[in-house]
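Colleague: My questions will all concern the structure given below.
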Number of protein chains: 2
Amino acid sequence: VTARPEAIAEDLLRTGRVAHLATAGADGRPHVVPVVFAWLGGRIYTPVDRKRKRVADPKRLRRVRNLGENPRVAVVVDRWDEDWERLAYVLVEGEATLLESGPEWERAAGALLERYPQYRAQPIAGRPIIRVAVDRMTAWQAAR
Amino acid sequence: VTARPEAIAEDLLRTGRVAHLATAGADGRPHVVPVVFAWLGGRIYTPVDRKRKRVADPKRLRRVRNLGENPRVAVVVDRWDEDWERLAYVLVEGEATLLESGPEWERAAGALLERYPQYRAQPIAGRPIIRVAVDRMTAWQAAR
């Protein structure tokens, strides 16, 4: 079954459990990490949460430092399958902003808690959330 | 069980089925796509294969155009699990080169065919393979 690109994108953004966030520093060096996310109101939200980090201060994390130098990001959500006819992904390109508090932070934190019951044991409170405003979205699927 | 970082990295690179390749153009805009890959001789090889592409000419693909402008890339291989104590990833940063033929291309194509029986139905012959020479490798796991 071949769905319309918009339907594929929506499905991946609503149901995907993990995304990959790519950033680049001022020096042009790309960086990419797996992240959890919520898709809410046409934006992607991904927390800089309490999962173990190489540096304790979230501001010193590579992804966060890169955003300070260059707010352009790319986020991909994809479906892997050994049957390559079932492969699909959605690529979101946009601009990232770090939210630290406020109503939008609250809504995003609520959506993340709803999507990931894991946050009951590991609160998001006090942690920054990266908001990605979408400039461009590209859906892809293998099957014609 | 907590393994040494080197062991985690090696395990992910040997057994992971999908990686995520991040590139950035001269304009600093990052890009990221899911890719299949082989880890061989301390390098990552990922083909620009015949899976359906938005453009027919591999040279016009965004990842390939970006490499022409900026050979720096990042590749992440990760393990997702709803038990966040089991999360792990390895991030490889390095320089990419496009191989179109020759002994190294042949070895990489052989390794890819061995890892992905799917290539029996969808030959790699004639397709470029991106080689990533590793400058830096960072392994991460959630469990302490």
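Letters for chains follow the order of the structure tokens (A, B, ...), residue numbers begin at 1 for each chain, and ligand numbers begin at 1 in the order shown.
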For Arg65 (chain B), find every residue with an atom within 12 Å (counting only C-alpha atoms), except residues of its own chain fewer than 6 positions away, and show them as an mmCIF file with N, CA, C and O atoms, in the first residue's frame.
Modeller:
```
data_model
loop_
_atom_site.group_PDB
_atom_site.id
_atom_site.type_symbol
_atom_site.label_atom_id
_atom_site.label_comp_id
_atom_site.auth_asym_id
_atom_site.auth_seq_id
_atom_site.Cartn_x
_atom_site.Cartn_y
_atom_site.Cartn_z
ATOM 1 N N THR B 23 25.394 15.397 7.041
ATOM 2 C CA THR B 23 26.308 16.204 6.239
ATOM 3 C C THR B 23 25.885 17.661 6.405
ATOM 4 O O THR B 23 24.826 17.943 6.976
ATOM 5 N N ALA B 24 26.707 18.559 5.922
ATOM 6 C CA ALA B 24 26.322 19.973 5.927
ATOM 7 C C ALA B 24 26.865 20.617 4.664
ATOM 8 O O ALA B 24 27.992 20.321 4.245
ATOM 9 N N GLY B 25 26.062 21.470 4.039
ATOM 10 C CA GLY B 25 26.511 22.151 2.830
ATOM 11 C C GLY B 25 27.404 23.330 3.188
ATOM 12 O O GLY B 25 27.632 23.632 4.368
ATOM 13 N N ALA B 26 27.908 23.992 2.169
ATOM 14 C CA ALA B 26 28.755 25.169 2.383
ATOM 15 C C ALA B 26 27.984 26.250 3.137
ATOM 16 O O ALA B 26 28.576 27.065 3.844
ATOM 17 N N ASP B 27 26.665 26.249 2.990
ATOM 18 C CA ASP B 27 25.831 27.240 3.681
ATOM 19 C C ASP B 27 25.579 26.866 5.146
ATOM 20 O O ASP B 27 24.877 27.589 5.857
ATOM 21 N N HIS B 31 21.999 18.180 7.111
ATOM 22 C CA HIS B 31 21.111 17.233 6.434
ATOM 23 C C HIS B 31 21.361 15.875 7.075
ATOM 24 O O HIS B 31 22.488 15.592 7.495
ATOM 25 N N VAL B 55 16.079 12.138 -6.810
ATOM 26 C CA VAL B 55 16.689 12.467 -8.095
ATOM 27 C C VAL B 55 17.409 11.235 -8.603
ATOM 28 O O VAL B 55 17.971 10.465 -7.827
ATOM 29 N N ASP B 57 20.045 10.933 -10.727
ATOM 30 C CA ASP B 57 21.499 11.030 -10.790
ATOM 31 C C ASP B 57 22.080 11.101 -9.380
ATOM 32 O O ASP B 57 21.832 12.063 -8.653
ATOM 33 N N PRO B 58 22.886 10.087 -8.965
ATOM 34 C CA PRO B 58 23.398 10.094 -7.587
ATOM 35 C C PRO B 58 24.181 11.365 -7.250
ATOM 36 O O PRO B 58 24.202 11.800 -6.107
ATOM 37 N N LYS B 59 24.808 11.975 -8.255
ATOM 38 C CA LYS B 59 25.603 13.182 -8.013
ATOM 39 C C LYS B 59 24.742 14.378 -7.595
ATOM 40 O O LYS B 59 25.236 15.351 -7.067
ATOM 41 N N PRO B 71 33.523 17.952 3.141
ATOM 42 C CA PRO B 71 33.673 16.498 3.330
ATOM 43 C C PRO B 71 33.470 16.026 4.766
ATOM 44 O O PRO B 71 33.479 14.823 5.021
ATOM 45 N N ALA B 96 34.574 12.300 4.492
ATOM 46 C CA ALA B 96 33.975 11.400 3.507
ATOM 47 C C ALA B 96 34.599 11.574 2.138
ATOM 48 O O ALA B 96 34.967 12.676 1.742
ATOM 49 N N THR B 97 34.696 10.455 1.449
ATOM 50 C CA THR B 97 35.194 10.431 0.069
ATOM 51 C C THR B 97 34.249 9.563 -0.745
ATOM 52 O O THR B 97 33.790 8.532 -0.266
ATOM 53 N N LEU B 98 33.964 9.972 -1.955
ATOM 54 C CA LEU B 98 33.082 9.195 -2.820
ATOM 55 C C LEU B 98 33.929 8.228 -3.652
ATOM 56 O O LEU B 98 34.807 8.654 -4.396
#
```
Colleague: What residues in chain B lie within 7 Å of chain A, counting only C-alpha atoms, written as a PyMOL selection string?
Modeller: chain B and resi 22-24+28-33+51-52+72-76+142
Colleague: Put those residues in a file: all heavy atoms, as a tab-separated table (two decimals), in the first residue's frame.
Modeller:
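Heads up, here's the output in out.tsv:
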```tsv
chain	number	residue	atom	x	y	z
B	22	ALA	N	24.96	12.37	8.74
B	22	ALA	CA	24.74	13.81	8.73
B	22	ALA	C	25.83	14.49	7.91
B	22	ALA	O	27.02	14.19	8.07
B	22	ALA	CB	24.73	14.37	10.14
B	23	THR	N	25.39	15.40	7.04
B	23	THR	CA	26.31	16.20	6.24
B	23	THR	C	25.88	17.66	6.41
B	23	THR	O	24.83	17.94	6.98
B	23	THR	CB	26.22	15.82	4.75
B	23	THR	OG1	24.86	15.99	4.31
B	23	THR	CG2	26.65	14.38	4.51
B	24	ALA	N	26.71	18.56	5.92
B	24	ALA	CA	26.32	19.97	5.93
B	24	ALA	C	26.87	20.62	4.66
B	24	ALA	O	27.99	20.32	4.24
B	24	ALA	CB	26.87	20.69	7.16
B	28	GLY	N	26.12	25.74	5.60
B	28	GLY	CA	25.99	25.35	6.99
B	28	GLY	C	24.69	24.64	7.34
B	28	GLY	O	24.46	24.29	8.49
B	29	ARG	N	23.84	24.42	6.34
B	29	ARG	CA	22.58	23.72	6.62
B	29	ARG	C	22.83	22.23	6.77
B	29	ARG	O	23.26	21.56	5.84
B	29	ARG	CB	21.58	23.94	5.49
B	29	ARG	CG	20.91	25.31	5.52
B	29	ARG	CD	20.12	25.56	4.25
B	29	ARG	NE	19.11	24.54	4.01
B	29	ARG	CZ	18.61	24.26	2.81
B	29	ARG	NH1	19.04	24.86	1.74
B	29	ARG	NH2	17.67	23.35	2.69
B	30	PRO	N	22.52	21.67	7.94
B	30	PRO	CA	22.73	20.22	8.11
B	30	PRO	C	21.66	19.40	7.39
B	30	PRO	O	20.57	19.90	7.09
B	30	PRO	CB	22.62	20.01	9.62
B	30	PRO	CG	22.12	21.27	10.21
B	30	PRO	CD	22.00	22.31	9.14
B	31	HIS	N	22.00	18.18	7.11
B	31	HIS	CA	21.11	17.23	6.43
B	31	HIS	C	21.36	15.88	7.07
B	31	HIS	O	22.49	15.59	7.50
B	31	HIS	CB	21.46	17.19	4.94
B	31	HIS	CG	20.59	16.31	4.11
B	31	HIS	ND1	21.03	15.11	3.61
B	31	HIS	CD2	19.32	16.46	3.68
B	31	HIS	CE1	20.04	14.56	2.90
B	31	HIS	NE2	18.99	15.35	2.93
B	32	VAL	N	20.35	15.05	7.19
B	32	VAL	CA	20.55	13.72	7.80
B	32	VAL	C	19.59	12.72	7.15
B	32	VAL	O	18.43	13.03	6.92
B	32	VAL	CB	20.37	13.77	9.34
B	32	VAL	CG1	19.04	14.36	9.76
B	32	VAL	CG2	20.56	12.39	9.97
B	33	VAL	N	20.13	11.56	6.83
B	33	VAL	CA	19.32	10.48	6.27
B	33	VAL	C	19.71	9.14	6.89
B	33	VAL	O	20.86	8.95	7.27
B	33	VAL	CB	19.48	10.34	4.73
B	33	VAL	CG1	18.63	11.34	3.97
B	33	VAL	CG2	20.93	10.42	4.29
B	51	LYS	N	17.92	2.20	-4.06
B	51	LYS	CA	16.64	2.47	-3.41
B	51	LYS	C	16.12	3.76	-4.02
B	51	LYS	O	16.88	4.63	-4.39
B	51	LYS	CB	16.81	2.67	-1.90
B	51	LYS	CG	17.22	1.43	-1.12
B	51	LYS	CD	17.02	1.66	0.38
B	51	LYS	CE	17.99	0.80	1.18
B	51	LYS	NZ	19.36	1.40	1.21
B	52	ARG	N	14.84	3.88	-4.06
B	52	ARG	CA	14.24	5.01	-4.76
B	52	ARG	C	14.79	6.34	-4.24
B	52	ARG	O	14.86	6.55	-3.04
B	52	ARG	CB	12.72	4.99	-4.61
B	52	ARG	CG	12.03	6.01	-5.51
B	52	ARG	CD	10.63	5.57	-5.80
B	52	ARG	NE	9.74	5.86	-4.71
B	52	ARG	CZ	8.96	6.95	-4.66
B	52	ARG	NH1	8.98	7.84	-5.61
B	52	ARG	NH2	8.14	7.11	-3.66
B	72	ARG	N	33.30	16.97	5.73
B	72	ARG	CA	33.11	16.56	7.12
B	72	ARG	C	31.73	15.91	7.27
B	72	ARG	O	30.73	16.47	6.84
B	72	ARG	CB	33.17	17.76	8.07
B	72	ARG	CG	34.45	18.56	8.03
B	72	ARG	CD	35.61	17.87	8.68
B	72	ARG	NE	35.22	17.24	9.93
B	72	ARG	CZ	36.04	16.54	10.69
B	72	ARG	NH1	37.31	16.39	10.34
B	72	ARG	NH2	35.62	15.98	11.79
B	73	VAL	N	31.69	14.76	7.91
B	73	VAL	CA	30.41	14.08	8.16
B	73	VAL	C	30.38	13.54	9.58
B	73	VAL	O	31.41	13.43	10.25
B	73	VAL	CB	30.16	12.90	7.18
B	73	VAL	CG1	30.15	13.38	5.73
B	73	VAL	CG2	31.19	11.80	7.37
B	74	ALA	N	29.17	13.22	10.03
B	74	ALA	CA	28.99	12.50	11.29
B	74	ALA	C	28.05	11.34	11.00
B	74	ALA	O	27.08	11.48	10.24
B	74	ALA	CB	28.39	13.42	12.35
B	75	VAL	N	28.35	10.20	11.59
B	75	VAL	CA	27.53	9.00	11.42
B	75	VAL	C	27.22	8.47	12.80
B	75	VAL	O	28.13	8.29	13.62
B	75	VAL	CB	28.26	7.91	10.61
B	75	VAL	CG1	27.40	6.67	10.45
B	75	VAL	CG2	28.70	8.44	9.25
B	76	VAL	N	25.96	8.20	13.07
B	76	VAL	CA	25.62	7.62	14.36
B	76	VAL	C	24.93	6.27	14.15
B	76	VAL	O	24.13	6.11	13.23
B	76	VAL	CB	24.74	8.59	15.21
B	76	VAL	CG1	23.34	8.75	14.65
B	76	VAL	CG2	24.67	8.15	16.66
B	142	ALA	N	23.51	4.48	28.26
B	142	ALA	CA	22.73	5.10	29.32
B	142	ALA	C	23.11	4.56	30.70
B	142	ALA	O	23.22	5.31	31.66
B	142	ALA	CB	21.25	4.87	29.06
```
Colleague: Mind checking DSSP for chain B and telling me the helix (DSSP H, G or I) residues as JSON, numbers by chain?
Modeller: {"B": [5, 6, 7, 8, 9, 10, 11, 12, 13, 14, 15, 58, 59, 60, 62, 63, 64, 65, 66, 67, 68, 69, 84, 85, 86, 103, 104, 105, 106, 107, 108, 109, 110, 111, 112, 113, 114, 115, 117, 118, 119, 120]}
Colleague: Report, in Å with one decimal, the straight-line distance from CA of Ala121 (chain A) to CA of Ala139 (chain B).
Modeller: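 CA of Ala139 (chain B) lies at a distance of 24.5 Å from CA of Ala121 (chain A).
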Colleague: What's the 10 Å shell around Ser101 (chain A), counting only C-alpha atoms, without same-chain residues fewer than 2 positions away, as a VMD selection string?
Modeller: chain A and resid 98 to 99 103 to 106 109 125 to 129
Colleague: Store the residues of this selection in a file with C-alpha atoms, as an mmCIF file, in the first residue's frame.
Modeller:
```cif
data_model
loop_
_atom_site.group_PDB
_atom_site.id
_atom_site.type_symbol
_atom_site.label_atom_id
_atom_site.label_comp_id
_atom_site.auth_asym_id
_atom_site.auth_seq_id
_atom_site.Cartn_x
_atom_site.Cartn_y
_atom_site.Cartn_z
ATOM 1 C CA LEU A 98 16.107 26.561 23.112
ATOM 2 C CA LEU A 99 13.105 26.854 25.440
ATOM 3 C CA PRO A 103 3.770 28.228 28.295
ATOM 4 C CA GLU A 104 5.282 26.654 25.183
ATOM 5 C CA TRP A 105 7.840 24.799 27.305
ATOM 6 C CA GLU A 106 4.942 23.555 29.515
ATOM 7 C CA ALA A 109 6.894 18.953 28.377
ATOM 8 C CA ALA A 125 11.380 19.737 34.930
ATOM 9 C CA GLY A 126 14.219 22.224 34.777
ATOM 10 C CA ARG A 127 15.626 20.877 31.537
ATOM 11 C CA PRO A 128 15.738 22.843 28.272
ATOM 12 C CA ILE A 129 13.606 21.725 25.335
#
```
Colleague: Please report the interatomic distance between CA of Ala56 (chain B) and CA of Ile130 (chain B) in Å with one decimal.
Modeller: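 For CA of Ala56 (chain B) relative to CA of Ile130 (chain B), the distance reads 17.1 Å.
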Colleague: I need the strand (DSSP E) residues of region 60-100 of chain A per DSSP on the backbone, written as a ChimeraX atom specification.
Modeller: /A:72-79,88-99
Colleague: Could you please determine the separation between CA of Ile124 (chain A) and CA of Leu112 (chain A) in Å, to one decimal place?
Modeller: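 CA of Leu112 (chain A) lies 8.7 Å from CA of Ile124 (chain A).
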Colleague: Give me, as a list in words, all polymer residues having an atom no more than 12 Å from Glu114 (chain B), counting only C-alpha atoms and skipping those fewer than 3 positions away in the same chain.
Modeller: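 Near Glu114 (chain B), the qualifying residues are Phe37, Ala38, Trp39, Leu40, Arg107, Ala108, Ala109, Gly110, Ala111, Pro117, Gln118, Tyr119, Arg120 and Ile124 of chain B.
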